[in-house]
$ cat my_file_19.pdb   # PDB, C-alpha atoms and all ligand atoms
ATOM      1  CA  MET A   1      20.031  -3.785 -27.856
ATOM      2  CA  GLU A   2      18.482  -3.065 -24.488
ATOM      3  CA  THR A   3      15.197  -1.201 -24.542
ATOM      4  CA  LYS A   4      13.840   0.862 -21.718
ATOM      5  CA  LYS A   5      10.140   0.770 -21.083
ATOM      6  CA  LYS A   6       8.152   3.090 -18.910
ATOM      7  CA  ILE A   7       5.515   1.321 -16.882
ATOM      8  CA  LEU A   8       2.873   3.146 -14.922
ATOM      9  CA  LYS A   9       1.698   1.288 -11.892
ATOM     10  CA  LYS A  10      -0.355   2.126  -8.888
ATOM     11  CA  LYS A  11       0.596   1.749  -5.294
ATOM     12  CA  ALA A  12      -0.883   2.381  -1.900
ATOM     13  CA  VAL A  13       0.532   5.040   0.392
ATOM     14  CA  ILE A  14      -0.340   5.498   4.037
ATOM     15  CA  ASP A  15      -0.581   8.807   5.831
ATOM     16  CA  THR A  16       1.199   7.330   8.813
ATOM     17  CA  LYS A  17       0.480  10.294  11.102
ATOM     18  CA  TYR A  18      -3.106   9.182  11.414
ATOM     19  CA  CYS A  19      -2.688   5.414  11.222
ATOM     20  CA  ALA A  20      -4.200   3.724  14.264
ATOM     21  CA  ALA A  21      -2.220   0.482  13.705
ATOM     22  CA  CYS A  22      -5.514  -1.399  13.923
ATOM     23  CA  GLY A  23      -4.394  -4.046  11.433
ATOM     24  CA  VAL A  24      -7.587  -4.007   9.342
ATOM     25  CA  CYS A  25      -5.616  -3.203   6.186
ATOM     26  CA  VAL A  26      -3.189  -6.048   6.863
ATOM     27  CA  LYS A  27      -6.087  -8.511   6.719
ATOM     28  CA  SER A  28      -7.616  -6.818   3.668
ATOM     29  CA  CYS A  29      -4.542  -7.100   1.438
ATOM     30  CA  PRO A  30      -4.691 -10.182  -0.811
ATOM     31  CA  PHE A  31      -0.974  -9.919  -1.508
ATOM     32  CA  GLY A  32       0.353  -9.773   2.028
ATOM     33  CA  ALA A  33       1.928  -6.404   1.313
ATOM     34  CA  ILE A  34       1.084  -4.697   4.602
ATOM     35  CA  THR A  35       2.605  -5.215   8.012
ATOM     36  CA  ILE A  36       2.351  -3.296  11.260
ATOM     37  CA  ARG A  37       5.809  -1.987  12.024
ATOM     38  CA  ASN A  38       6.807  -2.098  15.683
ATOM     39  CA  GLY A  39       3.134  -2.372  16.575
ATOM     40  CA  VAL A  40       2.590   1.328  15.935
ATOM     41  CA  VAL A  41       2.178   1.997  12.225
ATOM     42  CA  ALA A  42       1.172   0.177   9.046
ATOM     43  CA  GLU A  43       3.832  -0.195   6.384
ATOM     44  CA  ILE A  44       3.443  -1.202   2.729
ATOM     45  CA  ASP A  45       5.908  -3.397   0.898
ATOM     46  CA  GLU A  46       6.027  -1.658  -2.485
ATOM     47  CA  ALA A  47       7.423  -4.728  -4.172
ATOM     48  CA  ARG A  48       4.284  -6.691  -3.295
ATOM     49  CA  CYS A  49       1.642  -3.970  -3.630
ATOM     50  CA  VAL A  50      -0.260  -3.993  -6.938
ATOM     51  CA  GLY A  51      -2.388  -0.938  -6.171
ATOM     52  CA  CYS A  52      -5.677  -2.846  -6.051
ATOM     53  CA  GLY A  53      -7.148  -0.425  -3.520
ATOM     54  CA  LYS A  54      -8.646  -2.984  -1.142
ATOM     55  CA  CYS A  55      -6.696  -1.644   1.802
ATOM     56  CA  ALA A  56      -7.788   1.926   1.043
ATOM     57  CA  LYS A  57     -11.445   0.854   1.152
ATOM     58  CA  ALA A  58     -10.920  -1.171   4.307
ATOM     59  CA  CYS A  59      -8.965   1.403   6.315
ATOM     60  CA  VAL A  60     -10.994   2.504   9.320
ATOM     61  CA  ALA A  61      -9.244   5.871   9.453
ATOM     62  CA  SER A  62      -9.289   6.481   5.661
ATOM     63  CA  VAL A  63      -5.589   7.210   5.652
ATOM     64  CA  ILE A  64      -4.625   5.055   2.659
ATOM     65  CA  ASP A  65      -4.457   6.566  -0.814
ATOM     66  CA  ILE A  66      -3.809   4.902  -4.149
ATOM     67  CA  VAL A  67      -1.333   6.856  -6.226
ATOM     68  CA  LYS A  68       0.359   6.375  -9.571
ATOM     69  CA  LYS A  69       3.884   5.167  -9.506
ATOM     70  CA  GLU A  70       6.193   5.484 -12.445
ATOM     71  CA  GLU A  71       8.693   2.770 -13.064
ATOM     72  CA  VAL A  72      11.406   2.600 -15.652
ATOM     73  CA  LYS A  73      12.368  -0.889 -16.682
TER      74      LYS A  73
HETATM   75  S1  LIG A 101      -3.397  -1.593  -2.760
HETATM   76 FE1  LIG A 101      -3.940  -3.799  -2.743
HETATM   77  S2  LIG A 101      -1.966  -4.848  -2.943
HETATM   78 FE2  LIG A 101      -1.499  -2.758  -2.332
HETATM   79  S3  LIG A 101      -1.323  -2.845  -0.095
HETATM   80 FE3  LIG A 101      -3.447  -2.266  -0.616
HETATM   81  S4  LIG A 101      -4.623  -4.191  -0.646
HETATM   82 FE4  LIG A 101      -2.419  -4.692  -0.752
HETATM   83  S1  LIG A 102      -6.529   0.063   8.433
HETATM   84 FE1  LIG A 102      -5.786   2.214   8.344
HETATM   85  S2  LIG A 102      -5.611   2.837  10.501
HETATM   86 FE2  LIG A 102      -5.710   0.575  10.480
HETATM   87  S3  LIG A 102      -3.556  -0.094  10.422
HETATM   88 FE3  LIG A 102      -4.264   0.046   8.293
HETATM   89  S4  LIG A 102      -3.653   2.131   7.617
HETATM   90 FE4  LIG A 102      -3.577   2.097   9.862
END
$ encode --input "my_file_19.pdb" --output "C-alpha cells"
Amino acid sequence: METKKKILKKKAVIDTKYCAACGVCVKSCPFGAITIRNGVVAEIDEARCVGCGKCAKACVASVIDIVKKEEVK
C-alpha cells in the first residue's frame, strides 16, 4: 500500500520588486540554486534550495525570506 507523508521544508523566496540583481546571493548559495534571470532579477530553483538561509543573510537589499514549504510525498 502506498503511504503519503507530509514533509515540511523550508525554502527561500525573493521579493523580486526590490532585487538589485547584484548576484551576491548567487555566490552565497552552496547548492547553486540561484541564478540571475535575464540579468535583471534573481530566481531560485526550488528543487535545489534546501532553505539554509545563507542567501537571505548575504542579500545586500535584504529581500530574501526563508519560509516554510509544505510538501506531500
Ligand atoms: S536558502 Fe540556501 S539553498 Fe536556498 S537559495 Fe538560499 S543559499 Fe541556496
Ligand atoms: S543578493 Fe539580493 S539584491 Fe542581490 S541579486 Fe540576490 S536577491 Fe537580488
$ atom_distance --input "my_file_19.pdb" --atom1 "atom CA of Asn38 of chain A" --atom2 "atom CA of Lys68 of chain A"
27.4 Å
$ residues_near_ligand --input "my_file_19.pdb" --ligand "ligand LIG 102 (chain A)" --cutoff "7 Å" --atoms "all atoms listed in the file" --output "list in words"
Ile14, Tyr18, Cys19, Ala20, Ala21, Cys22, Gly23, Val24, Cys25, Val26, Ile36, Val41, Ala42, Cys55, Ala58, Cys59, Val60, Ala61, Ser62, Val63 and Ile64 of chain A
$ write_last_selection --input "my_file_19.pdb" --atoms "C-alpha atoms" --output "mmCIF file, keeping the file's coordinate frame"
data_model
loop_
_atom_site.group_PDB
_atom_site.id
_atom_site.type_symbol
_atom_site.label_atom_id
_atom_site.label_comp_id
_atom_site.auth_asym_id
_atom_site.auth_seq_id
_atom_site.Cartn_x
_atom_site.Cartn_y
_atom_site.Cartn_z
ATOM 1 C CA ILE A 14 -0.340 5.498 4.037
ATOM 2 C CA TYR A 18 -3.106 9.182 11.414
ATOM 3 C CA CYS A 19 -2.688 5.414 11.222
ATOM 4 C CA ALA A 20 -4.200 3.724 14.264
ATOM 5 C CA ALA A 21 -2.220 0.482 13.705
ATOM 6 C CA CYS A 22 -5.514 -1.399 13.923
ATOM 7 C CA GLY A 23 -4.394 -4.046 11.433
ATOM 8 C CA VAL A 24 -7.587 -4.007 9.342
ATOM 9 C CA CYS A 25 -5.616 -3.203 6.186
ATOM 10 C CA VAL A 26 -3.189 -6.048 6.863
ATOM 11 C CA ILE A 36 2.351 -3.296 11.260
ATOM 12 C CA VAL A 41 2.178 1.997 12.225
ATOM 13 C CA ALA A 42 1.172 0.177 9.046
ATOM 14 C CA CYS A 55 -6.696 -1.644 1.802
ATOM 15 C CA ALA A 58 -10.920 -1.171 4.307
ATOM 16 C CA CYS A 59 -8.965 1.403 6.315
ATOM 17 C CA VAL A 60 -10.994 2.504 9.320
ATOM 18 C CA ALA A 61 -9.244 5.871 9.453
ATOM 19 C CA SER A 62 -9.289 6.481 5.661
ATOM 20 C CA VAL A 63 -5.589 7.210 5.652
ATOM 21 C CA ILE A 64 -4.625 5.055 2.659
#
$ atom_distance --input "my_file_19.pdb" --atom1 "atom CA of Lys5 of chain A" --atom2 "atom FE3 of ligand LIG 101 (chain A)"
24.8 Å
$ closest_residue --input "my_file_19.pdb" --among "A:Asp65, A:Cys29, A:Glu43, A:Lys10" --to "ligand LIG 101 (chain A)" --atoms "all atoms listed in the file"
A:Cys29
$ closest_atom_pairs --input "my_file_19.pdb" --of "chain A" --to "ligand LIG 101 (chain A)" --cutoff "8 Å" --atoms "all atoms listed in the file" --output "JSON lines"
{"residue": "A:Lys10", "atom": "CA", "partner": "A:LIG101", "partner_atom": "S1", "distance": 7.8}
{"residue": "A:Lys11", "atom": "CA", "partner": "A:LIG101", "partner_atom": "FE2", "distance": 5.8}
{"residue": "A:Ala12", "atom": "CA", "partner": "A:LIG101", "partner_atom": "S1", "distance": 4.8}
{"residue": "A:Cys25", "atom": "CA", "partner": "A:LIG101", "partner_atom": "S4", "distance": 7.0}
{"residue": "A:Val26", "atom": "CA", "partner": "A:LIG101", "partner_atom": "FE4", "distance": 7.8}
{"residue": "A:Ser28", "atom": "CA", "partner": "A:LIG101", "partner_atom": "S4", "distance": 5.9}
{"residue": "A:Cys29", "atom": "CA", "partner": "A:LIG101", "partner_atom": "S4", "distance": 3.6}
{"residue": "A:Pro30", "atom": "CA", "partner": "A:LIG101", "partner_atom": "FE4", "distance": 5.9}
{"residue": "A:Phe31", "atom": "CA", "partner": "A:LIG101", "partner_atom": "S2", "distance": 5.4}
{"residue": "A:Gly32", "atom": "CA", "partner": "A:LIG101", "partner_atom": "FE4", "distance": 6.4}
{"residue": "A:Ala33", "atom": "CA", "partner": "A:LIG101", "partner_atom": "S3", "distance": 5.0}
{"residue": "A:Ile34", "atom": "CA", "partner": "A:LIG101", "partner_atom": "S3", "distance": 5.6}
{"residue": "A:Ile44", "atom": "CA", "partner": "A:LIG101", "partner_atom": "S3", "distance": 5.8}
{"residue": "A:Asp45", "atom": "CA", "partner": "A:LIG101", "partner_atom": "S3", "distance": 7.3}
{"residue": "A:Glu46", "atom": "CA", "partner": "A:LIG101", "partner_atom": "FE2", "distance": 7.6}
{"residue": "A:Arg48", "atom": "CA", "partner": "A:LIG101", "partner_atom": "S2", "distance": 6.5}
{"residue": "A:Cys49", "atom": "CA", "partner": "A:LIG101", "partner_atom": "FE2", "distance": 3.6}
{"residue": "A:Val50", "atom": "CA", "partner": "A:LIG101", "partner_atom": "S2", "distance": 4.4}
{"residue": "A:Gly51", "atom": "CA", "partner": "A:LIG101", "partner_atom": "S1", "distance": 3.6}
{"residue": "A:Cys52", "atom": "CA", "partner": "A:LIG101", "partner_atom": "FE1", "distance": 3.9}
{"residue": "A:Gly53", "atom": "CA", "partner": "A:LIG101", "partner_atom": "S1", "distance": 4.0}
{"residue": "A:Lys54", "atom": "CA", "partner": "A:LIG101", "partner_atom": "S4", "distance": 4.2}
{"residue": "A:Cys55", "atom": "CA", "partner": "A:LIG101", "partner_atom": "S4", "distance": 4.1}
{"residue": "A:Ala56", "atom": "CA", "partner": "A:LIG101", "partner_atom": "FE3", "distance": 6.3}
{"residue": "A:Ile66", "atom": "CA", "partner": "A:LIG101", "partner_atom": "S1", "distance": 6.7}
$ closest_residue --input "my_file_19.pdb" --among "A:Lys4, A:Lys17, A:Lys69, A:Lys9" --to "Val40 of chain A" --atoms "all atoms listed in the file"
A:Lys17
